[in-house]
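Engineer: Structure in structure tokens, see below.
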Amino acid sequence: MKILLVDDDDSLRVLAAAILETAGFDVQLAADGEEALVRISPEVDVVLLDLHMPKLSGSDVLRHLCNNRDLLGRIIVVSAATEDELTGIVTSSGARGYLQKPFNGAQLLAACGLDASVAA
């Protein structure tokens with residue numbers, strides 16, 4: 001399974017990528033929304049998209065993809081926003097779901113559809 005991890009926080013990208021790769025995922029990284037738009041393709045199964053980034057935010061990426069429901073359905077919104085805010089964003093955008101920061105490895109794997117015990 002191929003995952004695109006989009007976040008401007010270098011340490012979070014490296015740590016999350018290590019967790020996902022250990023679990024057997026093929027992980028691609030993007031540091032901002034502009035890079036994400038270049039890398040999002042039908043070959044990507046899941047996009048972990050931070051909402052707040054420089055250049056082009058995750059919210060802007062969602063707006064750019066609003067006409068492509070197939071790609072939107074692969075996106076998991078990642079943010080420190082409240083659960084109610086994240087639920088509203090997911091519902092209004094058509095994204096697949098959300099992952100609230102801060103998160104742990106088990107929550108990350110669960111969001112991507114993998115039980116954490118598989119990676120243990």
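Labeling convention for the structure tokens: chains A, B, ... as they appear, residues from 1 per chain, ligands from 1 in order of appearance.
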DSSP says alpha helix (DSSP H) for which residues of chain A? Put them as a PyMOL selection string?
Structural biologist: chain A and resi 10-22+33-39+58-64+69-72+83-93+105-111+116-119
Engineer: Could you check which of A:Val47, A:Leu72, A:Leu37, A:Leu108 is closest to Leu4 in chain A, using only C-alpha atoms?
Structural biologist: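 Among the listed residues, the smallest separation from Leu4 in chain A belongs to A:Val47.
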Engineer: Excluding His52 in chain A and residues on its chain fewer than 5 positions from it, collect all residues at most 10 Å away from it, counting only C-alpha atoms, and give them as a CSV table (one decimal) with C-alpha atoms, in the first residue's frame.
Structural biologist:
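See out.csv below for the written result:
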chain,number,residue,atom,x,y,z
A,7,ASP,CA,3.5,17.7,6.7
A,8,ASP,CA,5.8,20.7,7.1
A,32,ASP,CA,3.9,21.3,1.8
A,33,GLY,CA,0.7,21.5,-0.2
A,57,SER,CA,-2.1,24.6,3.1
A,58,GLY,CA,-3.9,21.3,3.5
A,59,SER,CA,-7.2,23.2,3.3
A,60,ASP,CA,-6.1,24.6,0.0
A,78,VAL,CA,-4.2,15.6,10.1
A,79,SER,CA,-4.4,18.5,12.5
A,80,ALA,CA,-4.4,19.6,16.1
Engineer: I'd like to know which residues of chain A are strand (DSSP E or B) (by DSSP, run on the backbone); could you write them as a list in words?
Structural biologist: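 Selecting the strand (DSSP E or B) positions of chain A gives Lys2, Ile3, Leu4, Leu5, Val6, Asp26, Val27, Gln28, Leu29, Ala30, Val46, Val47, Leu48, Leu49, Asp50, Ile75, Ile76, Val77, Val78, Ser79, Gly97, Tyr98, Leu99 and Gln100 of chain A.
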Engineer: May I have the residues within 6 Å of Val44 in chain A as a list of chain:residue names, using only C-alpha atoms and disregarding those fewer than 2 positions away in the same chain?
Structural biologist: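 Returned residues: A:Lys2, A:Ile3, A:Ser41, A:Pro42, A:Val46.
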Engineer: Here is a test: counting only C-alpha atoms, which residue of A:Pro54, A:Gly113, A:Gly73, A:Gly105 is nearest to Val90 in chain A?
Structural biologist: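 For Val90 in chain A, the nearest of the candidates is A:Gly73.
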Engineer: Rounded to one decimal in Å, what is the spacing between CA of Leu29 in chain A and CA of Val6 in chain A?
Structural biologist: 6.0 Å
Engineer: When distances are computed from only C-alpha atoms, which of A:Met1, A:Leu99, A:Leu48, A:Met53 shows the smallest separation from Gly24 in chain A?
Structural biologist: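 The closest residue to Gly24 in chain A is A:Met1.
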Engineer: So, with only C-alpha atoms as the atoms that count, which of A:Arg69, A:Gly94, A:Asp45, A:Phe103 lies closest to Phe25 in chain A?
Structural biologist: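 When distances to Phe25 in chain A are compared using only C-alpha atoms, the smallest one comes from A:Asp45.
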